[in-house]
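Below is one structure, written out as structure tokens; the observations come after it.
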Amino acid sequence: MKKILLTLFVVIFTTNLSAQQFDLSAELRPRYENTFGIKTLRTKGQEANNFVSQRTRINFDFKQDKLKFKVSLQNVRVWGDVSTLSADDNATALHEAWGEAVLSEKISLKLGRQEISYDDQRIFGSVGWAQQARSHDAFLAKFTPNKNHKIDVGIAYNSDSQAALDTGYSNAAGYKTFQYAWYHGDFNKFGLSFLLLNTGIEFEDANDNNKLTVDFMQTVGPRFTYKSGDFKANAAAYFQTGKIVDTDVSASYFAANFGYKINDNFSAGIGGEYLSGTDMNDTSGKIKSFSPLFGTNHKFNGWMDYFYVGNHANNVGLTDLSATISYKKDKFSAKIIPHFFSSAADVIDMNGDKMEANLGTEIDFTLGYKLSNTISLNAGYSKMFATETMEAIKGGDKDANNSWGWVMFTFKPKLFSYSPPPVE
């Protein structure tokens, strides 16, 4: 880590100061969490888990003529997981390292390790809540015909090593390859996005001597937005087809959200999401469970991460009805969001009987205060009121205290910035 930082500083201070702009910024984000059943129901008598995690980043952004360039180094740790002598600290990684060639005012090419985020981050997102976040090794071609329209085309192809043969079951990225095209257009009060994504998943084919094979799943769909005065709305629909691990896929997603700004301080909203699932007694041999793939899933379906945050894949799906009440004044903000969860497909009990679809209710509450332009404090508390159906899916005890509390400081200073004076 020290050698990498030293190299960056040498680059910065030996760079020709005729450069258009370069910025050196940082982020330090410690977060305390008290978990009593996050992601899954806890059992009675199970002790709470208390820990402090921390993300530390150094970001170097550079622009010159036809070039844009960024390097972001990060260290992610839990307080206490490294010796006080720091001899065994291996938690540093390269979060972003990309270059962008600006070919014209309308076309640019971006290559390297980068965050990919679109729209509300449901399918592609940066996963910023997670201390490690998400970035991809990818190539992007960006076309902006005018200020109201954008088109991105992206390609990723992952390998385990430079060896002639991949010997692993799957690569570290979690997918072998993807190709996508994304369009966004603004039309007065309306916005339209459209995504076409082809994702290749590598697996060992048992029907072909365990040969490494890539199956492809397609995700296709539009997203609409509307804003007029104090009212705003959005809706989306995505469909998945193709194959995963030699199994046909037929899944769907629908969402709609409505918001209204009551006055300068209060806002309210309601919304709903449907992610298709597979019945527990389904015999079709198809995957009918929708996968949000590379989305920022913590942002959706409750902050206790019971659904689609490293879990709930190929399951009974989800219907999530939610409401939001927000308050903001000066440096202070507050928000409360109740979620009403139910399964999208049939849940079957041990006797073979169909259970009720209701999974439970989660209530999320958060507070925020901006101490300065570079320092913010946020805290939250969430509680899950689960049902027997949730217990059947997740295990644990629905009557146990399933809750989660957290407090987080975020420091985001700009360490150095240079822009040449305007030419007179």
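The way I read the labels, and the way they are meant: chains A, B, ... in the order of the structure tokens, residue 1 as the first residue of every chain, and ligand 1 as the first ligand shown, with later ones counted on from there.
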
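The environment of Pro145 in chain A within 9 Å, counting only C-alpha atoms and disregarding residues fewer than 5 places along the same chain, consists of Glu105, Lys106, Ile107, Lys150 and Ile151 of chain A.
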
Store the residues of this selection in a file with C-alpha atoms, as a compact mmCIF listing (two decimals), in the first residue's frame.
```
# COMPACT_ATOMS: atom_id res chain seq x y z
CA GLU A 105 -17.54 15.51 -28.38
CA LYS A 106 -19.89 12.61 -29.05
CA ILE A 107 -17.76 9.46 -28.82
CA LYS A 150 -26.93 8.66 -24.44
CA ILE A 151 -25.93 5.22 -25.70
```

For Ile393 in chain A, please output as a PDB file with N, CA and C atoms, in the first residue's frame all residues within 9 Å (counting only C-alpha atoms; exclusion window: fewer than 6 positions along the same chain).
```pdb
ATOM      1  N   ASN A 315     -35.010 -18.645  -5.786  1.00  0.00           N
ATOM      2  CA  ASN A 315     -35.951 -18.917  -4.702  1.00  0.00           C
ATOM      3  C   ASN A 315     -37.369 -18.585  -5.161  1.00  0.00           C
ATOM      4  N   VAL A 316     -38.252 -18.311  -4.185  1.00  0.00           N
ATOM      5  CA  VAL A 316     -39.674 -18.117  -4.491  1.00  0.00           C
ATOM      6  C   VAL A 316     -40.004 -16.690  -4.919  1.00  0.00           C
ATOM      7  N   VAL A 347     -44.907 -21.274  -1.549  1.00  0.00           N
ATOM      8  CA  VAL A 347     -44.051 -21.852  -0.514  1.00  0.00           C
ATOM      9  C   VAL A 347     -44.763 -23.086   0.035  1.00  0.00           C
TER      10      VAL A 347
END
```

Select from range 80-116 of chain A every residue with an atom at most 9 Å from any atom of range 60-66 of chain A, then for each give the shortest pair of atoms and their distance in Å to one decimal, using only C-alpha atoms, rows by chain and rising number, as a tab-separated table.
```
residue	atom	partner	partner_atom	distance
A:Glu100	CA	A:Lys66	CA	8.2
A:Ala101	CA	A:Lys66	CA	5.9
A:Val102	CA	A:Lys66	CA	4.8
A:Leu103	CA	A:Lys66	CA	6.8
A:Ser104	CA	A:Lys66	CA	8.2
```

Running DSSP on the backbone, which parts of range 54-241 of chain A land in strand (DSSP E), as a CSV table (one decimal) with N, CA and C atoms, in the first residue's frame?
```
chain,number,residue,atom,x,y,z
A,54,GLN,N,-14.5,-0.7,8.1
A,54,GLN,CA,-14.0,0.6,7.6
A,54,GLN,C,-13.5,0.5,6.2
A,55,ARG,N,-13.9,1.5,5.4
A,55,ARG,CA,-13.4,1.6,4.0
A,55,ARG,C,-12.5,2.9,4.0
A,56,THR,N,-11.3,2.8,3.4
A,56,THR,CA,-10.4,3.9,3.2
A,56,THR,C,-10.0,3.9,1.7
A,57,ARG,N,-10.2,5.1,1.1
A,57,ARG,CA,-9.9,5.2,-0.4
A,57,ARG,C,-9.1,6.4,-0.6
A,58,ILE,N,-8.2,6.3,-1.7
A,58,ILE,CA,-7.5,7.4,-2.3
A,58,ILE,C,-7.9,7.4,-3.7
A,59,ASN,N,-8.4,8.5,-4.2
A,59,ASN,CA,-8.8,8.6,-5.6
A,59,ASN,C,-8.0,9.7,-6.4
A,60,PHE,N,-7.5,9.3,-7.5
A,60,PHE,CA,-6.7,10.2,-8.3
A,60,PHE,C,-7.4,10.3,-9.7
A,61,ASP,N,-7.9,11.5,-10.0
A,61,ASP,CA,-8.6,11.8,-11.2
A,61,ASP,C,-7.7,12.8,-12.1
A,62,PHE,N,-7.6,12.5,-13.4
A,62,PHE,CA,-6.7,13.3,-14.2
A,62,PHE,C,-7.4,13.5,-15.6
A,63,LYS,N,-7.3,14.7,-16.1
A,63,LYS,CA,-7.9,15.0,-17.4
A,63,LYS,C,-6.9,15.9,-18.2
A,64,GLN,N,-6.7,15.5,-19.4
A,64,GLN,CA,-5.8,16.2,-20.3
A,64,GLN,C,-6.1,16.0,-21.7
A,67,LEU,N,-7.8,12.8,-23.0
A,67,LEU,CA,-7.7,11.7,-22.0
A,67,LEU,C,-8.4,12.0,-20.7
A,68,LYS,N,-9.1,11.0,-20.2
A,68,LYS,CA,-9.6,11.0,-18.8
A,68,LYS,C,-9.0,9.7,-18.2
A,69,PHE,N,-8.6,9.9,-16.9
A,69,PHE,CA,-7.9,8.8,-16.2
A,69,PHE,C,-8.2,8.8,-14.8
A,70,LYS,N,-8.4,7.5,-14.2
A,70,LYS,CA,-8.7,7.5,-12.8
A,70,LYS,C,-8.1,6.2,-12.2
A,71,VAL,N,-7.6,6.4,-11.0
A,71,VAL,CA,-7.1,5.3,-10.1
A,71,VAL,C,-7.7,5.5,-8.8
A,72,SER,N,-8.3,4.4,-8.2
A,72,SER,CA,-8.9,4.4,-6.9
A,72,SER,C,-8.4,3.2,-6.1
A,73,LEU,N,-7.6,3.5,-5.1
A,73,LEU,CA,-7.1,2.4,-4.2
A,73,LEU,C,-8.0,2.4,-2.9
A,74,GLN,N,-8.3,1.2,-2.4
A,74,GLN,CA,-9.1,1.1,-1.2
A,74,GLN,C,-8.6,0.0,-0.3
A,75,ASN,N,-8.8,0.2,1.0
A,75,ASN,CA,-8.5,-0.7,2.0
A,75,ASN,C,-9.8,-1.0,2.8
A,76,VAL,N,-10.2,-2.2,2.9
A,76,VAL,CA,-11.4,-2.6,3.6
A,76,VAL,C,-11.1,-3.5,4.7
A,77,ARG,N,-11.5,-3.2,5.9
A,77,ARG,CA,-11.1,-4.0,7.1
A,77,ARG,C,-12.2,-4.0,8.1
A,78,VAL,N,-12.1,-4.9,9.0
A,78,VAL,CA,-12.9,-4.9,10.3
A,78,VAL,C,-11.9,-4.5,11.4
A,92,THR,N,-5.8,-4.4,1.0
A,92,THR,CA,-5.8,-3.3,0.0
A,92,THR,C,-6.1,-3.8,-1.4
A,93,ALA,N,-6.9,-3.1,-2.1
A,93,ALA,CA,-7.2,-3.6,-3.5
A,93,ALA,C,-7.3,-2.4,-4.4
A,94,LEU,N,-7.3,-2.6,-5.7
A,94,LEU,CA,-7.4,-1.6,-6.7
A,94,LEU,C,-8.9,-1.6,-7.1
A,95,HIS,N,-9.7,-0.6,-6.6
A,95,HIS,CA,-11.1,-0.6,-6.9
A,95,HIS,C,-11.4,-0.1,-8.3
A,96,GLU,N,-10.7,1.0,-8.7
A,96,GLU,CA,-10.8,1.4,-10.1
A,96,GLU,C,-9.5,1.8,-10.7
A,97,ALA,N,-9.3,1.5,-12.0
A,97,ALA,CA,-8.1,1.9,-12.7
A,97,ALA,C,-8.5,1.9,-14.2
A,98,TRP,N,-8.9,3.0,-14.7
A,98,TRP,CA,-9.4,3.1,-16.1
A,98,TRP,C,-8.9,4.3,-16.8
A,99,GLY,N,-8.9,4.2,-18.1
A,99,GLY,CA,-8.6,5.3,-19.0
A,99,GLY,C,-9.7,5.5,-20.0
A,100,GLU,N,-9.9,6.7,-20.3
A,100,GLU,CA,-11.0,7.0,-21.3
A,100,GLU,C,-10.4,7.9,-22.4
A,101,ALA,N,-10.5,7.4,-23.7
A,101,ALA,CA,-10.1,8.2,-24.8
A,101,ALA,C,-11.3,8.9,-25.4
A,102,VAL,N,-11.2,10.2,-25.4
A,102,VAL,CA,-12.3,11.1,-25.9
A,102,VAL,C,-12.0,11.3,-27.4
A,107,ILE,N,-18.2,10.8,-28.9
A,107,ILE,CA,-17.8,9.5,-28.8
A,107,ILE,C,-16.5,9.4,-27.9
A,108,SER,N,-16.5,8.4,-27.0
A,108,SER,CA,-15.4,8.1,-26.2
A,108,SER,C,-15.3,6.6,-25.9
A,109,LEU,N,-14.1,6.1,-25.6
A,109,LEU,CA,-13.9,4.7,-25.3
A,109,LEU,C,-13.2,4.6,-23.9
A,110,LYS,N,-13.8,3.8,-23.0
A,110,LYS,CA,-13.4,3.7,-21.6
A,110,LYS,C,-13.0,2.2,-21.4
A,111,LEU,N,-11.7,2.0,-20.9
A,111,LEU,CA,-11.2,0.7,-20.7
A,111,LEU,C,-10.6,0.6,-19.3
A,112,GLY,N,-10.8,-0.6,-18.6
A,112,GLY,CA,-10.1,-0.9,-17.4
A,112,GLY,C,-11.1,-1.2,-16.3
A,113,ARG,N,-10.6,-1.2,-15.0
A,113,ARG,CA,-11.4,-1.6,-13.9
A,113,ARG,C,-12.3,-0.3,-13.5
A,114,GLN,N,-13.6,-0.5,-13.5
A,114,GLN,CA,-14.5,0.7,-13.4
A,114,GLN,C,-15.8,0.3,-12.8
A,136,HIS,N,-16.0,-3.5,-12.3
A,136,HIS,CA,-15.8,-4.5,-13.3
A,136,HIS,C,-14.6,-4.2,-14.2
A,137,ASP,N,-14.0,-5.3,-14.7
A,137,ASP,CA,-13.0,-5.1,-15.8
A,137,ASP,C,-13.7,-5.1,-17.1
A,138,ALA,N,-13.8,-4.0,-17.8
A,138,ALA,CA,-14.7,-3.9,-18.9
A,138,ALA,C,-14.2,-2.9,-19.9
A,139,PHE,N,-14.8,-2.9,-21.1
A,139,PHE,CA,-14.6,-2.0,-22.2
A,139,PHE,C,-16.0,-1.3,-22.5
A,140,LEU,N,-16.0,0.0,-22.5
A,140,LEU,CA,-17.2,0.7,-22.8
A,140,LEU,C,-17.0,1.7,-24.0
A,141,ALA,N,-18.0,1.7,-24.9
A,141,ALA,CA,-18.0,2.6,-25.9
A,141,ALA,C,-19.2,3.5,-25.7
A,142,LYS,N,-19.0,4.9,-25.5
A,142,LYS,CA,-20.0,5.8,-25.1
A,142,LYS,C,-20.3,6.8,-26.2
A,143,PHE,N,-21.6,6.9,-26.6
A,143,PHE,CA,-22.0,7.7,-27.7
A,143,PHE,C,-23.0,8.7,-27.1
A,144,THR,N,-22.8,10.0,-27.3
A,144,THR,CA,-23.7,11.0,-26.8
A,144,THR,C,-24.1,11.9,-28.0
A,145,PRO,N,-25.1,11.6,-28.8
A,145,PRO,CA,-25.4,12.4,-30.0
A,145,PRO,C,-25.8,13.8,-29.6
A,146,ASN,N,-26.4,14.0,-28.5
A,146,ASN,CA,-26.8,15.4,-28.0
A,146,ASN,C,-27.0,15.3,-26.5
A,149,HIS,N,-29.7,12.6,-25.2
A,149,HIS,CA,-29.6,11.1,-25.5
A,149,HIS,C,-28.2,10.6,-25.3
A,150,LYS,N,-28.2,9.3,-24.7
A,150,LYS,CA,-26.9,8.7,-24.4
A,150,LYS,C,-27.1,7.2,-24.8
A,151,ILE,N,-26.0,6.6,-25.4
A,151,ILE,CA,-25.9,5.2,-25.7
A,151,ILE,C,-24.6,4.7,-25.2
A,152,ASP,N,-24.6,3.6,-24.4
A,152,ASP,CA,-23.4,2.9,-24.0
A,152,ASP,C,-23.4,1.5,-24.5
A,153,VAL,N,-22.3,1.0,-24.9
A,153,VAL,CA,-22.1,-0.4,-25.3
A,153,VAL,C,-20.9,-0.9,-24.5
A,154,GLY,N,-21.2,-2.0,-23.7
A,154,GLY,CA,-20.1,-2.5,-22.8
A,154,GLY,C,-19.8,-4.0,-23.1
A,155,ILE,N,-18.6,-4.4,-22.9
A,155,ILE,CA,-18.1,-5.7,-23.0
A,155,ILE,C,-17.2,-6.1,-21.9
A,156,ALA,N,-17.3,-7.3,-21.3
A,156,ALA,CA,-16.4,-7.8,-20.3
A,156,ALA,C,-16.1,-9.2,-20.7
A,157,TYR,N,-14.8,-9.6,-20.5
A,157,TYR,CA,-14.4,-11.0,-20.7
A,157,TYR,C,-13.4,-11.4,-19.6
A,177,THR,N,-18.4,-13.6,-18.9
A,177,THR,CA,-18.5,-12.5,-19.9
A,177,THR,C,-19.8,-11.8,-19.9
A,178,PHE,N,-19.9,-10.6,-20.3
A,178,PHE,CA,-21.2,-10.0,-20.6
A,178,PHE,C,-21.0,-9.0,-21.8
A,179,GLN,N,-22.1,-8.7,-22.5
A,179,GLN,CA,-22.2,-7.7,-23.5
A,179,GLN,C,-23.5,-7.0,-23.3
A,180,TYR,N,-23.5,-5.7,-23.3
A,180,TYR,CA,-24.7,-5.0,-23.1
A,180,TYR,C,-24.8,-3.7,-23.9
A,181,ALA,N,-26.0,-3.2,-24.1
A,181,ALA,CA,-26.3,-1.9,-24.7
A,181,ALA,C,-27.3,-1.2,-23.9
A,182,TRP,N,-27.0,0.1,-23.6
A,182,TRP,CA,-27.9,0.9,-22.7
A,182,TRP,C,-28.2,2.2,-23.4
A,183,TYR,N,-29.5,2.6,-23.4
A,183,TYR,CA,-29.9,3.8,-24.0
A,183,TYR,C,-30.7,4.6,-23.0
A,184,HIS,N,-30.4,5.9,-23.0
A,184,HIS,CA,-31.3,6.8,-22.1
A,184,HIS,C,-31.6,8.1,-22.9
A,185,GLY,N,-32.9,8.5,-22.9
A,185,GLY,CA,-33.3,9.7,-23.5
A,185,GLY,C,-34.2,10.5,-22.6
A,186,ASP,N,-34.0,11.8,-22.7
A,186,ASP,CA,-34.9,12.8,-21.9
A,186,ASP,C,-35.8,13.5,-22.9
A,187,PHE,N,-37.1,13.4,-22.6
A,187,PHE,CA,-38.1,14.0,-23.4
A,187,PHE,C,-39.0,14.9,-22.5
A,190,PHE,N,-40.5,13.5,-19.3
A,190,PHE,CA,-40.3,12.1,-19.4
A,190,PHE,C,-38.9,11.6,-19.6
A,191,GLY,N,-38.6,10.5,-19.1
A,191,GLY,CA,-37.3,9.9,-19.3
A,191,GLY,C,-37.5,8.4,-19.7
A,192,LEU,N,-36.7,7.9,-20.6
A,192,LEU,CA,-36.8,6.5,-21.0
A,192,LEU,C,-35.4,5.9,-21.1
A,193,SER,N,-35.2,4.8,-20.4
A,193,SER,CA,-34.0,4.0,-20.6
A,193,SER,C,-34.4,2.6,-21.1
A,194,PHE,N,-33.4,2.0,-21.8
A,194,PHE,CA,-33.6,0.6,-22.3
A,194,PHE,C,-32.3,-0.1,-22.1
A,195,LEU,N,-32.4,-1.3,-21.6
A,195,LEU,CA,-31.2,-2.2,-21.4
A,195,LEU,C,-31.3,-3.5,-22.1
A,196,LEU,N,-30.3,-3.9,-22.8
A,196,LEU,CA,-30.2,-5.2,-23.4
A,196,LEU,C,-28.9,-5.8,-22.9
A,197,LEU,N,-28.9,-6.9,-22.1
A,197,LEU,CA,-27.8,-7.4,-21.4
A,197,LEU,C,-27.7,-8.9,-21.7
A,198,ASN,N,-26.5,-9.4,-22.1
A,198,ASN,CA,-26.3,-10.8,-22.4
A,198,ASN,C,-25.2,-11.2,-21.4
A,199,THR,N,-25.5,-12.1,-20.4
A,199,THR,CA,-24.5,-12.5,-19.4
A,199,THR,C,-24.1,-14.0,-19.5
A,200,GLY,N,-22.8,-14.2,-19.6
A,200,GLY,CA,-22.3,-15.6,-19.8
A,200,GLY,C,-21.8,-16.1,-18.4
A,201,ILE,N,-22.4,-17.2,-18.0
A,201,ILE,CA,-22.0,-17.9,-16.7
A,201,ILE,C,-21.3,-19.2,-17.0
A,202,GLU,N,-20.1,-19.4,-16.5
A,202,GLU,CA,-19.3,-20.6,-16.7
A,202,GLU,C,-19.6,-21.7,-15.7
A,203,PHE,N,-19.7,-22.9,-16.2
A,203,PHE,CA,-20.0,-24.0,-15.3
A,203,PHE,C,-19.3,-25.3,-15.8
A,204,GLU,N,-19.2,-26.3,-15.0
A,204,GLU,CA,-18.7,-27.6,-15.4
A,204,GLU,C,-19.9,-28.4,-15.9
A,205,ASP,N,-19.9,-28.8,-17.2
A,205,ASP,CA,-21.0,-29.5,-17.8
A,205,ASP,C,-20.9,-31.0,-17.5
A,211,LYS,N,-16.6,-30.6,-18.7
A,211,LYS,CA,-16.0,-29.6,-19.5
A,211,LYS,C,-16.5,-28.2,-19.1
A,212,LEU,N,-15.6,-27.2,-19.0
A,212,LEU,CA,-16.0,-25.9,-18.7
A,212,LEU,C,-16.8,-25.3,-19.9
A,213,THR,N,-18.1,-24.9,-19.6
A,213,THR,CA,-19.0,-24.4,-20.6
A,213,THR,C,-19.6,-23.1,-20.2
A,214,VAL,N,-20.0,-22.3,-21.1
A,214,VAL,CA,-20.6,-21.0,-20.8
A,214,VAL,C,-22.0,-21.0,-21.3
A,215,ASP,N,-23.0,-20.7,-20.4
A,215,ASP,CA,-24.4,-20.5,-20.8
A,215,ASP,C,-24.7,-19.0,-20.8
A,216,PHE,N,-25.6,-18.6,-21.6
A,216,PHE,CA,-25.9,-17.2,-21.7
A,216,PHE,C,-27.4,-16.9,-21.3
A,217,MET,N,-27.5,-15.9,-20.5
A,217,MET,CA,-28.9,-15.4,-20.1
A,217,MET,C,-29.0,-14.0,-20.5
A,218,GLN,N,-30.2,-13.7,-21.1
A,218,GLN,CA,-30.5,-12.3,-21.6
A,218,GLN,C,-31.4,-11.6,-20.6
A,219,THR,N,-31.1,-10.4,-20.4
A,219,THR,CA,-32.0,-9.5,-19.6
A,219,THR,C,-32.3,-8.3,-20.4
A,220,VAL,N,-33.6,-8.0,-20.6
A,220,VAL,CA,-34.1,-7.0,-21.5
A,220,VAL,C,-35.2,-6.2,-20.9
A,221,GLY,N,-35.2,-4.9,-21.0
A,221,GLY,CA,-36.4,-4.2,-20.5
A,221,GLY,C,-36.2,-2.7,-20.5
A,222,PRO,N,-37.3,-1.9,-20.4
A,222,PRO,CA,-37.3,-0.5,-20.3
A,222,PRO,C,-37.5,0.0,-18.9
A,223,ARG,N,-37.1,1.3,-18.7
A,223,ARG,CA,-37.4,2.0,-17.4
A,223,ARG,C,-37.9,3.4,-17.8
A,224,PHE,N,-39.0,3.8,-17.2
A,224,PHE,CA,-39.6,5.1,-17.5
A,224,PHE,C,-39.5,6.0,-16.2
A,225,THR,N,-39.3,7.3,-16.4
A,225,THR,CA,-39.4,8.3,-15.3
A,225,THR,C,-40.3,9.5,-15.8
A,226,TYR,N,-40.9,10.1,-14.8
A,226,TYR,CA,-41.7,11.3,-15.0
A,226,TYR,C,-41.6,12.2,-13.9
A,227,LYS,N,-41.5,13.5,-14.1
A,227,LYS,CA,-41.4,14.5,-13.1
A,227,LYS,C,-42.1,15.8,-13.5
A,228,SER,N,-43.0,16.3,-12.7
A,228,SER,CA,-43.7,17.5,-13.0
A,228,SER,C,-44.0,18.2,-11.6
A,231,PHE,N,-44.4,16.4,-8.1
A,231,PHE,CA,-44.7,15.0,-8.3
A,231,PHE,C,-43.7,14.3,-9.2
A,232,LYS,N,-43.4,13.0,-8.8
A,232,LYS,CA,-42.4,12.2,-9.7
A,232,LYS,C,-42.9,10.8,-9.6
A,233,ALA,N,-42.5,10.0,-10.7
A,233,ALA,CA,-42.9,8.6,-10.8
A,233,ALA,C,-41.9,7.9,-11.6
A,234,ASN,N,-41.8,6.6,-11.4
A,234,ASN,CA,-40.9,5.8,-12.3
A,234,ASN,C,-41.5,4.4,-12.4
A,235,ALA,N,-41.2,3.7,-13.4
A,235,ALA,CA,-41.7,2.3,-13.6
A,235,ALA,C,-40.7,1.6,-14.5
A,236,ALA,N,-40.6,0.3,-14.2
A,236,ALA,CA,-39.6,-0.5,-15.0
A,236,ALA,C,-40.2,-1.9,-15.2
A,237,ALA,N,-39.7,-2.6,-16.2
A,237,ALA,CA,-40.1,-4.0,-16.5
A,237,ALA,C,-38.9,-4.6,-17.2
A,238,TYR,N,-38.4,-5.7,-16.6
A,238,TYR,CA,-37.3,-6.5,-17.2
A,238,TYR,C,-37.7,-8.0,-17.4
A,239,PHE,N,-37.2,-8.6,-18.4
A,239,PHE,CA,-37.5,-10.0,-18.7
A,239,PHE,C,-36.2,-10.7,-18.9
A,240,GLN,N,-36.1,-12.0,-18.4
A,240,GLN,CA,-34.9,-12.8,-18.5
A,240,GLN,C,-35.2,-14.1,-19.2
A,241,THR,N,-34.4,-14.4,-20.1
A,241,THR,CA,-34.5,-15.7,-20.9
A,241,THR,C,-33.1,-16.2,-21.1
```

Distance query Asn301 in chain A at most 10 Å, only C-alpha atoms, self and fewer than 2 positions along chain excluded, as an mmCIF file with N, CA and C atoms, in the first residue's frame:
```cif
data_model
loop_
_atom_site.group_PDB
_atom_site.id
_atom_site.type_symbol
_atom_site.label_atom_id
_atom_site.label_comp_id
_atom_site.auth_asym_id
_atom_site.auth_seq_id
_atom_site.Cartn_x
_atom_site.Cartn_y
_atom_site.Cartn_z
ATOM 1 N N GLY A 272 -43.909 -0.324 -5.338
ATOM 2 C CA GLY A 272 -44.031 -1.777 -5.319
ATOM 3 C C GLY A 272 -43.080 -2.420 -6.308
ATOM 4 N N GLU A 273 -42.625 -3.621 -5.959
ATOM 5 C CA GLU A 273 -41.752 -4.401 -6.829
ATOM 6 C C GLU A 273 -42.233 -5.842 -6.876
ATOM 7 N N ASN A 297 -28.269 -4.105 -4.531
ATOM 8 C CA ASN A 297 -29.463 -4.727 -3.963
ATOM 9 C C ASN A 297 -29.787 -4.250 -2.548
ATOM 10 N N HIS A 298 -28.791 -3.745 -1.820
ATOM 11 C CA HIS A 298 -29.072 -3.203 -0.482
ATOM 12 C C HIS A 298 -30.030 -2.013 -0.541
ATOM 13 N N LYS A 299 -30.050 -1.337 -1.661
ATOM 14 C CA LYS A 299 -30.922 -0.170 -1.827
ATOM 15 C C LYS A 299 -32.389 -0.571 -1.885
ATOM 16 N N TRP A 303 -33.450 -2.710 4.209
ATOM 17 C CA TRP A 303 -32.015 -2.554 4.453
ATOM 18 C C TRP A 303 -31.419 -3.677 5.287
ATOM 19 N N MET A 304 -32.261 -4.614 5.768
ATOM 20 C CA MET A 304 -31.718 -5.743 6.512
ATOM 21 C C MET A 304 -31.232 -6.857 5.585
ATOM 22 N N ASP A 305 -31.379 -6.650 4.287
ATOM 23 C CA ASP A 305 -30.763 -7.511 3.260
ATOM 24 C C ASP A 305 -31.226 -8.961 3.321
ATOM 25 N N TYR A 306 -32.527 -9.156 3.527
ATOM 26 C CA TYR A 306 -33.069 -10.508 3.504
ATOM 27 C C TYR A 306 -33.192 -11.052 2.082
ATOM 28 N N PHE A 307 -33.137 -10.163 1.092
ATOM 29 C CA PHE A 307 -33.419 -10.589 -0.274
ATOM 30 C C PHE A 307 -32.376 -10.058 -1.255
ATOM 31 N N TYR A 308 -31.747 -10.972 -1.976
ATOM 32 C CA TYR A 308 -30.893 -10.675 -3.127
ATOM 33 C C TYR A 308 -29.568 -10.016 -2.765
ATOM 34 N N VAL A 309 -29.172 -10.048 -1.508
ATOM 35 C CA VAL A 309 -27.839 -9.589 -1.122
ATOM 36 C C VAL A 309 -27.046 -10.830 -0.720
ATOM 37 N N LEU A 318 -40.258 -12.456 -4.934
ATOM 38 C CA LEU A 318 -40.647 -11.476 -3.920
ATOM 39 C C LEU A 318 -41.627 -10.461 -4.487
ATOM 40 N N THR A 319 -42.618 -10.118 -3.671
ATOM 41 C CA THR A 319 -43.441 -8.933 -3.894
ATOM 42 C C THR A 319 -43.207 -8.001 -2.714
ATOM 43 N N ASP A 320 -42.811 -6.776 -2.994
ATOM 44 C CA ASP A 320 -42.449 -5.808 -1.957
ATOM 45 C C ASP A 320 -43.278 -4.538 -2.162
ATOM 46 N N LEU A 321 -44.186 -4.257 -1.222
ATOM 47 C CA LEU A 321 -44.946 -3.006 -1.210
ATOM 48 C C LEU A 321 -44.371 -2.122 -0.118
ATOM 49 N N SER A 322 -44.053 -0.886 -0.444
ATOM 50 C CA SER A 322 -43.379 -0.020 0.524
ATOM 51 C C SER A 322 -43.954 1.388 0.490
ATOM 52 N N PRO A 338 -41.518 1.562 5.764
ATOM 53 C CA PRO A 338 -42.043 0.218 6.023
ATOM 54 C C PRO A 338 -42.150 -0.583 4.725
ATOM 55 N N HIS A 339 -41.789 -1.877 4.807
ATOM 56 C CA HIS A 339 -41.898 -2.800 3.678
ATOM 57 C C HIS A 339 -42.830 -3.944 4.049
ATOM 58 N N PHE A 340 -43.688 -4.308 3.120
ATOM 59 C CA PHE A 340 -44.603 -5.429 3.326
ATOM 60 C C PHE A 340 -44.251 -6.506 2.291
ATOM 61 N N PHE A 341 -43.661 -7.599 2.768
ATOM 62 C CA PHE A 341 -43.111 -8.619 1.890
ATOM 63 C C PHE A 341 -44.041 -9.814 1.747
ATOM 64 N N GLU A 362 -40.941 -5.284 7.420
ATOM 65 C CA GLU A 362 -39.696 -4.676 7.903
ATOM 66 C C GLU A 362 -39.882 -3.166 7.959
#
```
